[in-house]
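Notes follow once the structure below has been shown.
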Amino acid sequence: MTVAHSHPVHGWDTPSSTLVVACGHAQQAPSPHAASHPQAVLALYTGGKAVIDQRTRLTVSAGDVMLIPAGEKHRTVAAERAEVWGLGFHPSAFTHTEVGPLLAPFERVRQGASAVVPIPSGRQEHLVRLLSELHAETRAPHRALGEQVTRSLFSLVLAEVARSSTWTPVESRASLAGDALTFIERHCLEPISLREVAAALGRSPAHVTTAVKQATGRSVVEWIISGRMAEARRRLRSTDERVDIIAERVGYADPTHFIRLFRRAEGLTPAAWRKQHCAPPAH
């Protein structure tokens with residue numbers, strides 16, 4: 001997946017990462033089309049300014065964080081010397097961890113809250129330091145405690161944004177597609193299908209799948225698989241669980257079916273992916 005033409009951070013390509021941090025100049029040319037991505041995105045602007053279409057037209061400048069929930073269509077309208085720290089992650093890999101409550105600002109954006117969060121001037125440098133440390137940690141070779149350190153830094157970044165965000169109750173602007181994605185993020189590791197998503201929303205399966213496809217370009221089933229594969233990658237990288245155990249933990253009773261889906265998504269079997277991404281550091 002290449003997001004150079006729609007994401008605030010130019011050239012960010014993260015096909016198989018559960019969490020990734022990037023720093024650079026935001027794309028300067030306008031995006032001709034809106035796009036959505038499987039990751040939720042937190043973008044801290046440290047210089048310049050930009051105009052983004054995301055439901056409504058938003059202006060972001062140095063000191064602002066922009067929140068883009070997974071699946072939310074957005075595009076760059078204009079940018080002027082914009083510099084950005086971008087943090088992307090798959091919510092389903094964190095919803096049921098201690099990080100889960102800190103994802104509330106993203107859900108509020110789906111419900112109608114502003115996607116732009118101004119960070120107090122006294123906290124901006126601290127947030128940049130946290131993102132810089134998180135960037136270094138995610139790029140470091142696989143090592144003991146790496147998962148715990150990464151998650152701790154991630155939690156601190158989210159906490160800074162959560163403390164700075166405000167939520168004034170307004171008439172909900174949540175869409176059917178947004179409600180479906182929130183449900184999927186919370187429950188995709190369970191043995192759910194389109195039928196369970198539709199039942200939870202009180203709509204027909206055909207209605208839900210059409211709404212999600214039109215809003216995001218992906219089907220409900222594709223979103224469920226995407227969330228499960230994100231958690232599978234996290235477990236393959238950070239635990240020594242057997243592949244059949246991981247398959248069960250991410251919602252698949254049949255390990256063979258899980259392996260087939262994983263290989264289709266990553267081009268490798270789970271075992272081969274683990275070997276490639278988790279080689280022990282050289283002594």
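Residue numbering restarts at 1 in every chain; chains get A, B, ... in the order shown in the structure tokens, and ligands count up from 1 in that same order.
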
- If you run DSSP over the backbone, which residues in region 31-62 of chain A end up strand (DSSP E)? Put them as a PyMOL selection string. chain A and resi 40-54+56-61

- Leaving out region 249-251 of chain A and any residue of its chain fewer than 3 positions from it, which residues lie within 9 Å of it when counting only C-alpha atoms, given as a list in words?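 Selected residues are Cys188, Leu189, Glu190, Pro191, Ile192, Gly227, Arg228, Met229, Glu231, Ala232, Asp244, Ile245, Ile246 and Phe258 of chain A.
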
- In Å, how far is it from CA of Ala215 (chain A) to CA of Pro30 (chain A)? 20.8 Å

- Between CA of Ser226 (chain A) and CA of Arg264 (chain A) lies a distance of 11.4 Å

- Message: List the spatial neighbours of Leu87 (chain A) as a PyMOL selection string - criterion: any atom at most 8 Å away, only C-alpha atoms, same-chain residues fewer than 3 positions off excluded.
- Response: chain A and resi 19-22+41-43+131

File of the preceding selection, C-alpha atoms, as an mmCIF file, in the first residue's frame:
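Below is the file selection.cif, written as the result:
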data_model
loop_
_atom_site.group_PDB
_atom_site.id
_atom_site.type_symbol
_atom_site.label_atom_id
_atom_site.label_comp_id
_atom_site.auth_asym_id
_atom_site.auth_seq_id
_atom_site.Cartn_x
_atom_site.Cartn_y
_atom_site.Cartn_z
ATOM 1 C CA LEU A 19 2.622 0.429 14.204
ATOM 2 C CA VAL A 20 4.912 2.758 12.274
ATOM 3 C CA VAL A 21 6.309 6.262 12.771
ATOM 4 C CA ALA A 22 7.596 8.565 10.039
ATOM 5 C CA VAL A 41 -3.247 7.998 11.704
ATOM 6 C CA LEU A 42 -2.030 10.603 14.168
ATOM 7 C CA ALA A 43 -0.165 13.436 12.418
ATOM 8 C CA LEU A 131 7.558 10.294 18.700
#

- Task: Report the residues of region 49-149 of chain A whose backbone DSSP state falls under alpha helix (DSSP H), written as JSON, numbers by chain.
- Result: {"A": [104, 105, 106, 107, 108, 109, 110, 111, 121, 122, 123, 124, 125, 126, 127, 128, 129, 130, 131, 132, 133, 134, 135, 136, 137, 138, 139, 146, 147, 148, 149]}

Keeping only C-alpha atoms, write those residues as an mmCIF file, in the first residue's frame.
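Output (again_6.cif):
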data_model
loop_
_atom_site.group_PDB
_atom_site.id
_atom_site.type_symbol
_atom_site.label_atom_id
_atom_site.label_comp_id
_atom_site.auth_asym_id
_atom_site.auth_seq_id
_atom_site.Cartn_x
_atom_site.Cartn_y
_atom_site.Cartn_z
ATOM 1 C CA ALA A 104 -11.189 7.335 22.455
ATOM 2 C CA PRO A 105 -10.291 10.543 20.543
ATOM 3 C CA PHE A 106 -10.374 8.605 17.265
ATOM 4 C CA GLU A 107 -13.841 7.261 18.035
ATOM 5 C CA ARG A 108 -14.978 10.783 18.936
ATOM 6 C CA VAL A 109 -13.820 12.031 15.536
ATOM 7 C CA ARG A 110 -16.060 9.411 13.947
ATOM 8 C CA GLN A 111 -18.928 10.719 16.096
ATOM 9 C CA SER A 121 2.956 24.959 23.464
ATOM 10 C CA GLY A 122 4.549 23.652 26.660
ATOM 11 C CA ARG A 123 3.888 20.018 25.621
ATOM 12 C CA GLN A 124 4.820 20.114 21.946
ATOM 13 C CA GLU A 125 8.545 19.433 22.389
ATOM 14 C CA HIS A 126 7.771 16.575 24.755
ATOM 15 C CA LEU A 127 5.424 15.014 22.196
ATOM 16 C CA VAL A 128 8.106 15.322 19.490
ATOM 17 C CA ARG A 129 10.618 13.597 21.790
ATOM 18 C CA LEU A 130 8.169 10.751 22.425
ATOM 19 C CA LEU A 131 7.558 10.294 18.700
ATOM 20 C CA SER A 132 11.302 10.398 18.025
ATOM 21 C CA GLU A 133 11.939 7.705 20.651
ATOM 22 C CA LEU A 134 9.078 5.611 19.314
ATOM 23 C CA HIS A 135 10.452 5.966 15.792
ATOM 24 C CA ALA A 136 13.865 4.738 16.944
ATOM 25 C CA GLU A 137 12.330 1.827 18.857
ATOM 26 C CA THR A 138 10.225 0.607 15.927
ATOM 27 C CA ARG A 139 13.269 0.662 13.643
ATOM 28 C CA GLY A 146 11.018 -4.233 22.525
ATOM 29 C CA GLU A 147 7.255 -4.819 22.460
ATOM 30 C CA GLN A 148 6.773 -3.453 25.991
ATOM 31 C CA VAL A 149 8.878 -0.359 25.320
#

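Take the candidates A:Ala180, A:Ala78, A:Leu44, A:Leu145 and check each one against Val117 (chain A) using only C-alpha atoms; the shortest distance goes to A:Leu44.
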
- Task: Compare A:Thr166, A:Glu185, A:Leu102, A:Gly178 by their minimum atom-to-atom distance to Thr209 (chain A), counting only C-alpha atoms, and give me the closest one.
- Result: A:Gly178

- Item | Contacts of Ala62 (chain A) within 6 Å, only C-alpha atoms, excl. fewer than 2 positions in-chain, as an NGL selection string | :A and (45-47 or 64)

- From A:Thr150, A:Ser31, A:Thr97, A:Ser155, residue lying nearest Asp53 (chain A) [only C-alpha atoms]: A:Ser31

- Item | Nearest candidate to Val212 (chain A) (options A:Arg81, A:Arg274, A:Arg260, A:Lys73; using only C-alpha atoms) | A:Lys73

- Hey, what's within 7 Å of His90 (chain A) if we count only C-alpha atoms and toss same-chain stuff fewer than 2 positions away? As a VMD selection string, please? chain A and resid 18 to 19 38 to 40 92 to 93 227 230
